[in-house]
Amino acid sequence: MVLDASKSEGHRQILTRELEAVGLRLNKRPPQIYFKRKKTGGISFNSTAPLTHIDEKLCYQILHEYKIHNAEVLFREDSTVDDLIDVIEGNRKYIKCVYVYNKIDVVGIDDVDNLARQPNSLVISCNLQLNLDRLLARMWEEMGLVRVYTKPQGQQPDFGDPVVLSSDRGGCTVEDFCNHIHRSLLKDVKYVLVWGTSARHYPQHCGLGHGLEDEDVVQIVKKKEKEEGGRGRFKSHTNAPDRISDRVKKAPLKT
């Protein structure tokens, strides 16, 4: 969210309220409230933490306003009434937001220092090209993207087209990496070789639960296909000619 550093703080509050009115929650995490509708059984109210903003009676009144008479509600933290309403609605989006204050070249150094110390805030100047590199690094840090490069067996890594993972969307483990490539790949994986900051040594044999970090290189080793009929002394058939004792006698010729 780009704001004008020369104007008052009211613009930030106005934009934040307008986004909250359409269901966007900035720099907030989903409330730790378990809510499930039921067909019968009435309303079940429980909490694992002390509640200071809401009680059982108020929760019943809110549910009755939404014409919900059979449900299960469990509070895992001290939540507010607005948090319960957001959970009941079920259409809220919780996203990260960085407040970028532009035009710092027209205000005093004390104002710039106060703006820079606010949470989730950054100061820049597009006119003088000030602090733009820090803005780029902050955006990359907040998105939490992880680039993973693939390496075919016996070949060099492919640094042109990385697989992009994120902890907020899917996860950053080897299992998530395989699912991102193809769903059927997971059952054929024997182990993976990992080069990068997440590996203790190069290469490291890893399983599906290994966490990947940015710019790691991954090589997938698949399981070998089993031969039909078993292998070795457990093999049920052979390509060699039959022994004399195993040969089937032909029927005598009719004369």
# chains A, B, ... in the order shown; residues from 1 in each chain; ligands from 1
>>> select_by_dssp(residues="stretch 48-189 of chain A", states="alpha helix (DSSP H)", output="ChimeraX atom specification")
/A:56-65,81-89,109-116,132-143,174-181
>>> write_last_selection(atoms="N, CA and C atoms", output="CSV table (one decimal), in the first residue's frame")
chain,number,residue,atom,x,y,z
A,56,GLU,N,-20.3,-17.4,26.8
A,56,GLU,CA,-21.1,-18.3,26.2
A,56,GLU,C,-22.5,-17.7,25.8
A,57,LYS,N,-23.0,-16.9,26.6
A,57,LYS,CA,-24.3,-16.3,26.3
A,57,LYS,C,-24.2,-15.4,25.0
A,58,LEU,N,-23.2,-14.6,25.0
A,58,LEU,CA,-23.0,-13.7,23.8
A,58,LEU,C,-22.7,-14.5,22.5
A,59,CYS,N,-22.0,-15.7,22.7
A,59,CYS,CA,-21.8,-16.5,21.5
A,59,CYS,C,-23.1,-17.1,21.0
A,60,TYR,N,-24.0,-17.5,21.9
A,60,TYR,CA,-25.3,-18.0,21.5
A,60,TYR,C,-26.1,-17.0,20.8
A,61,GLN,N,-26.1,-15.7,21.3
A,61,GLN,CA,-26.8,-14.6,20.6
A,61,GLN,C,-26.3,-14.4,19.2
A,62,ILE,N,-25.0,-14.4,19.0
A,62,ILE,CA,-24.5,-14.2,17.7
A,62,ILE,C,-24.9,-15.3,16.7
A,63,LEU,N,-24.8,-16.6,17.2
A,63,LEU,CA,-25.2,-17.7,16.4
A,63,LEU,C,-26.7,-17.6,16.0
A,64,HIS,N,-27.5,-17.2,17.0
A,64,HIS,CA,-29.0,-17.1,16.7
A,64,HIS,C,-29.3,-16.0,15.7
A,65,GLU,N,-28.5,-14.9,15.7
A,65,GLU,CA,-28.6,-13.9,14.7
A,65,GLU,C,-28.4,-14.4,13.3
A,81,VAL,N,-15.4,-10.6,19.4
A,81,VAL,CA,-16.6,-10.9,18.7
A,81,VAL,C,-16.4,-10.8,17.2
A,82,ASP,N,-15.6,-9.9,16.8
A,82,ASP,CA,-15.3,-9.7,15.3
A,82,ASP,C,-14.7,-11.0,14.8
A,83,ASP,N,-13.8,-11.6,15.6
A,83,ASP,CA,-13.1,-12.8,15.1
A,83,ASP,C,-14.2,-14.0,14.9
A,84,LEU,N,-15.1,-14.1,15.9
A,84,LEU,CA,-16.1,-15.1,15.7
A,84,LEU,C,-17.0,-14.9,14.5
A,85,ILE,N,-17.3,-13.6,14.3
A,85,ILE,CA,-18.2,-13.3,13.1
A,85,ILE,C,-17.4,-13.6,11.8
A,86,ASP,N,-16.1,-13.4,11.8
A,86,ASP,CA,-15.3,-13.7,10.6
A,86,ASP,C,-15.3,-15.2,10.3
A,87,VAL,N,-15.2,-16.0,11.4
A,87,VAL,CA,-15.2,-17.4,11.3
A,87,VAL,C,-16.5,-17.9,10.8
A,88,ILE,N,-17.6,-17.4,11.3
A,88,ILE,CA,-19.0,-17.8,10.8
A,88,ILE,C,-19.2,-17.4,9.4
A,89,GLU,N,-18.8,-16.2,9.0
A,89,GLU,CA,-18.9,-15.8,7.6
A,89,GLU,C,-18.1,-16.7,6.6
A,109,ILE,N,13.5,15.0,8.6
A,109,ILE,CA,14.2,13.7,9.0
A,109,ILE,C,13.5,13.1,10.2
A,110,ASP,N,12.9,13.9,11.1
A,110,ASP,CA,12.2,13.3,12.2
A,110,ASP,C,11.0,12.6,11.8
A,111,ASP,N,10.2,13.2,10.9
A,111,ASP,CA,9.0,12.5,10.4
A,111,ASP,C,9.4,11.2,9.6
A,112,VAL,N,10.4,11.2,8.9
A,112,VAL,CA,10.9,10.0,8.2
A,112,VAL,C,11.2,8.9,9.2
A,113,ASP,N,11.9,9.3,10.3
A,113,ASP,CA,12.3,8.3,11.3
A,113,ASP,C,11.1,7.7,12.0
A,114,ASN,N,10.0,8.6,12.2
A,114,ASN,CA,8.8,8.1,12.9
A,114,ASN,C,8.1,7.1,12.0
A,115,LEU,N,8.0,7.5,10.7
A,115,LEU,CA,7.3,6.6,9.7
A,115,LEU,C,8.0,5.3,9.6
A,116,ALA,N,9.3,5.3,9.5
A,116,ALA,CA,10.1,4.1,9.3
A,116,ALA,C,10.0,3.1,10.5
A,132,LEU,N,14.9,2.1,-2.7
A,132,LEU,CA,14.1,1.2,-3.6
A,132,LEU,C,14.6,-0.3,-3.5
A,133,ASP,N,16.0,-0.4,-3.3
A,133,ASP,CA,16.5,-1.8,-3.2
A,133,ASP,C,16.0,-2.5,-1.9
A,134,ARG,N,15.8,-1.7,-0.8
A,134,ARG,CA,15.3,-2.2,0.4
A,134,ARG,C,13.8,-2.6,0.2
A,135,LEU,N,13.1,-1.9,-0.6
A,135,LEU,CA,11.7,-2.2,-0.9
A,135,LEU,C,11.6,-3.5,-1.6
A,136,LEU,N,12.5,-3.7,-2.6
A,136,LEU,CA,12.5,-5.0,-3.3
A,136,LEU,C,12.8,-6.2,-2.4
A,137,ALA,N,13.8,-6.0,-1.6
A,137,ALA,CA,14.1,-7.1,-0.6
A,137,ALA,C,13.0,-7.4,0.4
A,138,ARG,N,12.3,-6.3,0.8
A,138,ARG,CA,11.3,-6.5,1.8
A,138,ARG,C,10.1,-7.2,1.1
A,139,MET,N,9.8,-6.9,-0.1
A,139,MET,CA,8.7,-7.6,-0.8
A,139,MET,C,9.0,-9.1,-1.0
A,140,TRP,N,10.2,-9.4,-1.3
A,140,TRP,CA,10.6,-10.8,-1.5
A,140,TRP,C,10.6,-11.5,-0.2
A,141,GLU,N,11.0,-10.8,0.9
A,141,GLU,CA,11.0,-11.5,2.2
A,141,GLU,C,9.5,-11.7,2.7
A,142,GLU,N,8.6,-10.8,2.5
A,142,GLU,CA,7.2,-11.0,2.9
A,142,GLU,C,6.5,-12.1,2.1
A,143,MET,N,6.8,-12.2,0.8
A,143,MET,CA,6.1,-13.2,0.0
A,143,MET,C,6.6,-14.6,0.4
A,174,VAL,N,10.1,-31.6,0.4
A,174,VAL,CA,10.3,-32.4,-0.8
A,174,VAL,C,9.0,-33.0,-1.3
A,175,GLU,N,8.1,-33.4,-0.4
A,175,GLU,CA,6.8,-33.9,-0.9
A,175,GLU,C,6.0,-32.9,-1.6
A,176,ASP,N,6.0,-31.6,-1.1
A,176,ASP,CA,5.3,-30.5,-1.9
A,176,ASP,C,6.0,-30.3,-3.2
A,177,PHE,N,7.3,-30.4,-3.3
A,177,PHE,CA,8.0,-30.2,-4.5
A,177,PHE,C,7.6,-31.3,-5.5
A,178,CYS,N,7.5,-32.5,-5.1
A,178,CYS,CA,7.1,-33.6,-6.0
A,178,CYS,C,5.6,-33.4,-6.5
A,179,ASN,N,4.8,-33.0,-5.6
A,179,ASN,CA,3.4,-32.8,-5.9
A,179,ASN,C,3.2,-31.6,-6.9
A,180,HIS,N,4.1,-30.6,-6.8
A,180,HIS,CA,4.1,-29.5,-7.7
A,180,HIS,C,4.4,-29.9,-9.1
A,181,ILE,N,5.3,-30.8,-9.2
A,181,ILE,CA,5.7,-31.3,-10.6
A,181,ILE,C,4.6,-32.2,-11.2
>>> closest_residue(among="A:Val189, A:Leu128, A:Val107, A:Leu145", to="A:Glu225", atoms="only C-alpha atoms")
A:Val189
>>> atom_distance(atom1="atom CA of A:Arg200", atom2="atom CA of A:Glu213")
12.4 Å
>>> residues_around(residues="A:Val164", least_positions_apart="5", cutoff="7 Å", atoms="only C-alpha atoms", output="mmCIF file with N, CA and C atoms, in the first residue's frame")
data_model
loop_
_atom_site.group_PDB
_atom_site.id
_atom_site.type_symbol
_atom_site.label_atom_id
_atom_site.label_comp_id
_atom_site.auth_asym_id
_atom_site.auth_seq_id
_atom_site.Cartn_x
_atom_site.Cartn_y
_atom_site.Cartn_z
ATOM 1 N N LEU A 145 8.823 -16.660 -0.951
ATOM 2 C CA LEU A 145 8.929 -17.583 -2.076
ATOM 3 C C LEU A 145 10.248 -18.357 -2.004
ATOM 4 N N VAL A 146 10.189 -19.616 -2.389
ATOM 5 C CA VAL A 146 11.364 -20.495 -2.388
ATOM 6 C C VAL A 146 11.546 -21.028 -3.800
ATOM 7 N N ARG A 147 12.695 -20.735 -4.418
ATOM 8 C CA ARG A 147 12.996 -21.217 -5.765
ATOM 9 C C ARG A 147 13.834 -22.494 -5.653
ATOM 10 N N VAL A 148 13.336 -23.546 -6.274
ATOM 11 C CA VAL A 148 14.011 -24.843 -6.263
ATOM 12 C C VAL A 148 14.305 -25.240 -7.701
#
>>> closest_residue(among="A:Leu212, A:Ser121, A:Lys250, A:Val22", to="A:Met1", atoms="only C-alpha atoms")
A:Ser121
>>> atom_distance(atom1="atom CA of A:Ile220", atom2="atom CA of A:Ser167")
21.1 Å
>>> closest_residue(among="A:Gly144, A:Pro31, A:Gly160, A:Gly211", to="A:Ala199", atoms="only C-alpha atoms")
A:Gly211
>>> residues_around(residues="A:Thr40", least_positions_apart="6", cutoff="10 Å", atoms="only C-alpha atoms", output="PyMOL selection string")
chain A and resi 69-71
>>> atom_distance(atom1="atom CA of A:Val218", atom2="atom CA of A:Pro157")
8.5 Å
>>> closest_residue(among="A:Tyr66, A:Tyr99, A:Tyr202, A:His53", to="A:Leu15", atoms="only C-alpha atoms")
A:Tyr99
>>> closest_residue(among="A:Asn46, A:Asn91, A:Gln204, A:Thr80", to="A:Tyr191", atoms="only C-alpha atoms")
A:Gln204
>>> select_by_dssp(residues="stretch 3-129 of chain A", states="strand (DSSP E or B)", output="number ranges by chain")
A: 3-4, 24-26, 33-37, 43-47, 71-75, 93-95, 99-102, 121-123, 125
>>> closest_residue(among="A:Lys7, A:Leu253, A:His201, A:Val194", to="A:Asn102", atoms="only C-alpha atoms")
A:Lys7
